[in-house]
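One structure below.
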Amino acid sequence: MSTPLNRSTAGERTGSVPPVRMVHLGLGAFHRAHQAWFTQHAETDAAHPEWGIAAFTGRSSRAADDLTAQDGLYILVERSAEADAFELMSSVVEANPASDSPRLVALLSDADVAVVTLTVTEAGYHLDPSGRLDTDDEAVSSDVAALKKALPEPAAAPELRTAAGRLVLGLDRRIRSLGDRSGIAVVSCDNMADNATAVRNAVLGMARACQDGLAERLDEAVSWVGTSVDRITPATTQDLRREVAEETGYDDVAPVVAEPFRSWVLAGEFPAGRPAWENAGAEFVEDLEPFERRKLWLLNGTHSYMAYAGQTAGHRSVAEAIADPEILQGVEDFWDEAARHLTDPRLDIPAYRESLLARYRNPRIHHLLAQIGKDGAQKMRIRAVPVYEAERASGRTGAAAARSIRAWIDWLRTQDPEHLEDGEADALRQALAGAEPARALLDVLRPGLGQDAHLGSLVIAGD
């Protein structure tokens with residue numbers, strides 16, 4: 001019989017409870033397998049940790065409820081091709097629903113809180129195709145209206161719908177409370193090109209829409225830190241919960257499973273301090289862009305290709321898809337195209353490709369293609385289109401990147417338009433209903449892309 005997991009039952013294994021010095025927006029499996037892991041392993045004294053994380057959910061409060069019942073504790077299962085390793089995680093010391101604006105304001109008004117991290121997915125930034133905040137978005141306009149009323153009232157803390165809106169509120173209150181001591185790092189950990197600019201554009205765009213001069217005040221206080229993050233983290237299943245109970249004796253309702261590989265590359269300043277993440281293997285660089293593109297194109301780009309081509313071929317997981325010779329060839333061809341534009345010798349592209357194949361073939365990591373395929377419009381826009389355009393600018397066909405775009409279009413045309421899991425579902429439905437759906441879908445990715453005759457010939461008529 002398993003034991004409920006909490007700090008009482010775990011006892012000395014958790015050490016003392018660290019003070020909250022980090023806030024995280026977007027509490028999910030990836031954060032708990034990645035930033036929380038790095039933070040726990042950065043501590044120099046495991047018995048007396050110094051960096052606790054207060055996390056907030058994205059939409060549903062379920063993760064907060066589950067973790068609160070366990071005092072923030074959970075089991076991380078590191079799953080290699082041969083065996084599992086189980087680790088008790090204790091760096092998340094507080095889990096809150098996204099709706100708890102008063103708690104977010106209180107935390108960000110505390111000078112000891114030095115870092116905010118985010119994993120809210122591409123869609124969670126509410127940016128338009130040009131990379132600016134989409135002020136026509138319903139959630140954005142709702143937050144703008146709420147903030148216009150709340151910002152002049154220091155005690156007001158309305159429930160908000162976007163990460164940008166929550167940060168505008170919390171950072172405004174921080175500046176009011178701390179003045180010259182309000183410096184803080186905001187660290188995007190989402191799989192986006194130039195994610196530091198993405199979060200900056202979202203937050204400052206929201207601030208600019210709400211109050212004159214606020215964007216400038218926030219920009220002065222915040223260091224926008226960019227990252228490249230990498231660790232495959234499949235969704236938690238009931239089978240995983242049973243396995244954790246059998247192996248550890250704990251009835252953990254919120255375990256996480258991840259591959260052994262992990263990588264975190266960061267660029268930016270931390271004015272109020274940070275954990276010593278380098279102790280856990282994180283890299284700090286001056287120029288993040290080459291590492292960012294390597295991961296975004298080689299890993300995420302082929303993940304998206306496999307998600308759509310694989311599901312169309314009847315596969316469920318990455319391991320199944322990469323075992324399909326035709327899909328494997330598409331992956332290799334995409335890598336060949338992308339690698340021509342990844343020339344920094346520090347990237348060691350041949351070794352990176354080899355490691356990706358080993359990771360994809362891990363039969364015990366059930367990374368579901370349906371999970372990867374969500375929010376495809378935002379993902380294809382930054383994962384496949386830039387590779388195609390780089391190849392065309394170099395005088396080549398871009399056929400492999402076009403094949404990935406075509407796989408997305410072909411998959412979309414098999415789906416029920418009313419049940420698309422995509423932040424741009426309305427635009428996709430309108431495109432699918434038109435006379436030339438393929439060209440219209442290209443225009444969703446980038447206005448005018450549907451008029452690219454060469455791409456149209458590859459996407460519509462085949463290679």
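By convention here, the chains of the structure tokens are called A, B, ... in the order presented, each chain's residues are numbered starting at 1, and ligands are numbered starting at 1 in the order presented.
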Mind dumping a table of every region 343-370 of chain A residue within 12 Å of region 275-291 of chain A, with the nearest atom pair and its distance in Å to one decimal, using only C-alpha atoms, sorted by chain and rising number, as CSV?
residue,atom,partner,partner_atom,distance
A:Thr343,CA,A:Pro290,CA,8.3
A:Asp344,CA,A:Pro290,CA,6.8
A:Pro345,CA,A:Pro290,CA,9.8
A:Arg346,CA,A:Phe291,CA,8.7
A:Leu347,CA,A:Phe291,CA,6.8
A:Asp348,CA,A:Phe291,CA,10.4
A:Ile349,CA,A:Phe291,CA,10.5
A:Tyr352,CA,A:Phe291,CA,11.1
I need the chosen residues saved as a PDB file, in the first residue's frame, with N, CA and C atoms.
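Everything below was put into out32.pdb:
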ATOM      1  N   THR A 343      26.260  27.174 -38.822  1.00  0.00           N
ATOM      2  CA  THR A 343      27.684  26.993 -39.123  1.00  0.00           C
ATOM      3  C   THR A 343      28.625  27.277 -37.957  1.00  0.00           C
ATOM      4  N   ASP A 344      28.103  27.740 -36.830  1.00  0.00           N
ATOM      5  CA  ASP A 344      28.954  28.000 -35.673  1.00  0.00           C
ATOM      6  C   ASP A 344      29.578  26.687 -35.204  1.00  0.00           C
ATOM      7  N   PRO A 345      30.914  26.583 -35.147  1.00  0.00           N
ATOM      8  CA  PRO A 345      31.542  25.302 -34.791  1.00  0.00           C
ATOM      9  C   PRO A 345      31.197  24.811 -33.390  1.00  0.00           C
ATOM     10  N   ARG A 346      30.776  25.725 -32.496  1.00  0.00           N
ATOM     11  CA  ARG A 346      30.406  25.307 -31.139  1.00  0.00           C
ATOM     12  C   ARG A 346      29.174  24.413 -31.130  1.00  0.00           C
ATOM     13  N   LEU A 347      28.406  24.416 -32.204  1.00  0.00           N
ATOM     14  CA  LEU A 347      27.147  23.684 -32.240  1.00  0.00           C
ATOM     15  C   LEU A 347      27.341  22.190 -32.485  1.00  0.00           C
ATOM     16  N   ASP A 348      28.456  21.787 -33.085  1.00  0.00           N
ATOM     17  CA  ASP A 348      28.759  20.372 -33.336  1.00  0.00           C
ATOM     18  C   ASP A 348      27.521  19.655 -33.884  1.00  0.00           C
ATOM     19  N   ILE A 349      27.093  20.070 -35.067  1.00  0.00           N
ATOM     20  CA  ILE A 349      25.846  19.580 -35.639  1.00  0.00           C
ATOM     21  C   ILE A 349      25.841  18.062 -35.854  1.00  0.00           C
ATOM     22  N   TYR A 352      25.076  16.490 -32.579  1.00  0.00           N
ATOM     23  CA  TYR A 352      23.731  16.847 -32.139  1.00  0.00           C
ATOM     24  C   TYR A 352      22.690  16.009 -32.873  1.00  0.00           C
TER      25      TYR A 352
END
Mind running region 85-187 of chain A against region 422-446 of chain A at 10 Å and telling me each contacting residue's nearest atom pair with the distance in Å (one decimal), counting only C-alpha atoms, chain and number ascending, as CSV?
residue,atom,partner,partner_atom,distance
A:Glu122,CA,A:Gly423,CA,8.9
A:Ala123,CA,A:Gly423,CA,5.7
A:Gly124,CA,A:Gly423,CA,8.5
A:His126,CA,A:Gly423,CA,8.6
A:Asp128,CA,A:Glu424,CA,9.9
A:Pro129,CA,A:Arg446,CA,6.5
A:Ser130,CA,A:Arg446,CA,8.5
Selection near region 68-77 of chain A, 7 Å with only C-alpha atoms, sequence-local residues under 5 positions removed, as number ranges by chain: A: 5-7, 33, 84-90, 92-95, 252, 254-258
Residue selection dump (N, CA and C atoms) as a JSON list (two decimals), in the first residue's frame:
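In the end it all went to part12.json:
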[["chain", "number", "residue", "atom", "x", "y", "z"],
["A", 5, "LEU", "N", 2.12, 11.47, -0.61],
["A", 5, "LEU", "CA", 3.37, 12.20, -0.68],
["A", 5, "LEU", "C", 3.19, 13.62, -0.14],
["A", 6, "ASN", "N", 3.96, 13.96, 0.89],
["A", 6, "ASN", "CA", 4.00, 15.33, 1.40],
["A", 6, "ASN", "C", 5.27, 15.48, 2.23],
["A", 7, "ARG", "N", 5.51, 16.66, 2.76],
["A", 7, "ARG", "CA", 6.76, 16.87, 3.48],
["A", 7, "ARG", "C", 6.82, 16.09, 4.79],
["A", 33, "ALA", "N", 10.22, 19.29, -14.94],
["A", 33, "ALA", "CA", 11.32, 18.42, -15.35],
["A", 33, "ALA", "C", 12.57, 19.20, -15.74],
["A", 84, "ASP", "N", 14.65, 3.08, -15.39],
["A", 84, "ASP", "CA", 14.11, 4.30, -14.80],
["A", 84, "ASP", "C", 14.91, 4.69, -13.57],
["A", 85, "ALA", "N", 15.04, 6.00, -13.36],
["A", 85, "ALA", "CA", 15.60, 6.53, -12.10],
["A", 85, "ALA", "C", 14.55, 7.47, -11.51],
["A", 86, "PHE", "N", 14.34, 7.37, -10.19],
["A", 86, "PHE", "CA", 13.28, 8.13, -9.52],
["A", 86, "PHE", "C", 13.92, 9.15, -8.57],
["A", 87, "GLU", "N", 13.48, 10.41, -8.68],
["A", 87, "GLU", "CA", 14.03, 11.47, -7.84],
["A", 87, "GLU", "C", 12.91, 12.27, -7.20],
["A", 88, "LEU", "N", 13.02, 12.51, -5.91],
["A", 88, "LEU", "CA", 12.05, 13.34, -5.20],
["A", 88, "LEU", "C", 12.40, 14.80, -5.43],
["A", 89, "MET", "N", 11.47, 15.56, -5.98],
["A", 89, "MET", "CA", 11.69, 16.97, -6.29],
["A", 89, "MET", "C", 11.02, 17.85, -5.24],
["A", 90, "SER", "N", 11.77, 18.87, -4.77],
["A", 90, "SER", "CA", 11.26, 19.72, -3.69],
["A", 90, "SER", "C", 11.50, 21.20, -3.91],
["A", 92, "VAL", "N", 9.88, 23.25, -5.95],
["A", 92, "VAL", "CA", 8.61, 23.99, -6.03],
["A", 92, "VAL", "C", 7.98, 23.97, -4.64],
["A", 93, "VAL", "N", 7.93, 25.10, -4.01],
["A", 93, "VAL", "CA", 7.45, 25.15, -2.62],
["A", 93, "VAL", "C", 6.05, 25.74, -2.51],
["A", 94, "GLU", "N", 5.53, 26.23, -3.63],
["A", 94, "GLU", "CA", 4.21, 26.85, -3.60],
["A", 94, "GLU", "C", 3.60, 26.72, -4.99],
["A", 95, "ALA", "N", 2.35, 26.26, -5.06],
["A", 95, "ALA", "CA", 1.65, 26.12, -6.34],
["A", 95, "ALA", "C", 0.33, 26.87, -6.25],
["A", 252, "ASP", "N", 1.81, 9.43, -5.57],
["A", 252, "ASP", "CA", 2.04, 10.76, -6.15],
["A", 252, "ASP", "C", 1.02, 11.00, -7.25],
["A", 254, "ALA", "N", 0.95, 13.66, -9.09],
["A", 254, "ALA", "CA", 1.50, 14.59, -10.08],
["A", 254, "ALA", "C", 2.95, 14.25, -10.44],
["A", 255, "PRO", "N", 3.27, 12.99, -10.75],
["A", 255, "PRO", "CA", 4.64, 12.69, -11.15],
["A", 255, "PRO", "C", 4.93, 13.22, -12.54],
["A", 256, "VAL", "N", 6.20, 13.28, -12.89],
["A", 256, "VAL", "CA", 6.63, 13.74, -14.21],
["A", 256, "VAL", "C", 7.64, 12.74, -14.74],
["A", 257, "VAL", "N", 7.58, 12.47, -16.05],
["A", 257, "VAL", "CA", 8.56, 11.59, -16.69],
["A", 257, "VAL", "C", 9.31, 12.39, -17.75],
["A", 258, "ALA", "N", 10.61, 12.17, -17.87],
["A", 258, "ALA", "CA", 11.42, 12.88, -18.85],
["A", 258, "ALA", "C", 12.57, 11.99, -19.30]]
Contacts of region 144-262 of chain A with region 106-114 of chain A up to 10 Å, shortest pair per row, only C-alpha atoms, as JSON lines:
{"residue": "A:Leu167", "atom": "CA", "partner": "A:Leu108", "partner_atom": "CA", "distance": 9.0}
{"residue": "A:Leu169", "atom": "CA", "partner": "A:Leu108", "partner_atom": "CA", "distance": 9.5}
{"residue": "A:Gly170", "atom": "CA", "partner": "A:Leu108", "partner_atom": "CA", "distance": 5.7}
{"residue": "A:Leu171", "atom": "CA", "partner": "A:Leu108", "partner_atom": "CA", "distance": 6.5}
{"residue": "A:Asp172", "atom": "CA", "partner": "A:Ser109", "partner_atom": "CA", "distance": 9.0}
{"residue": "A:Arg173", "atom": "CA", "partner": "A:Ser109", "partner_atom": "CA", "distance": 6.2}
{"residue": "A:Arg174", "atom": "CA", "partner": "A:Ser109", "partner_atom": "CA", "distance": 4.2}
{"residue": "A:Ile175", "atom": "CA", "partner": "A:Ser109", "partner_atom": "CA", "distance": 7.7}
{"residue": "A:Arg176", "atom": "CA", "partner": "A:Ser109", "partner_atom": "CA", "distance": 8.3}
{"residue": "A:Ser177", "atom": "CA", "partner": "A:Ser109", "partner_atom": "CA", "distance": 6.0}
{"residue": "A:Leu178", "atom": "CA", "partner": "A:Ala111", "partner_atom": "CA", "distance": 6.9}
{"residue": "A:Arg181", "atom": "CA", "partner": "A:Ala111", "partner_atom": "CA", "distance": 6.8}
{"residue": "A:Ser182", "atom": "CA", "partner": "A:Ala111", "partner_atom": "CA", "distance": 6.9}
{"residue": "A:Gly183", "atom": "CA", "partner": "A:Ala114", "partner_atom": "CA", "distance": 7.9}
{"residue": "A:Ile184", "atom": "CA", "partner": "A:Ala114", "partner_atom": "CA", "distance": 5.3}
{"residue": "A:Ala185", "atom": "CA", "partner": "A:Ala114", "partner_atom": "CA", "distance": 6.5}
{"residue": "A:Val186", "atom": "CA", "partner": "A:Ala114", "partner_atom": "CA", "distance": 8.9}
Leaving out region 374-389 of chain A and any residue of its chain fewer than 3 positions from it, which residues lie within 6 Å of it when counting only C-alpha atoms, given as number ranges by chain? A: 297, 301, 338, 371, 392, 398, 401, 421-423, 445
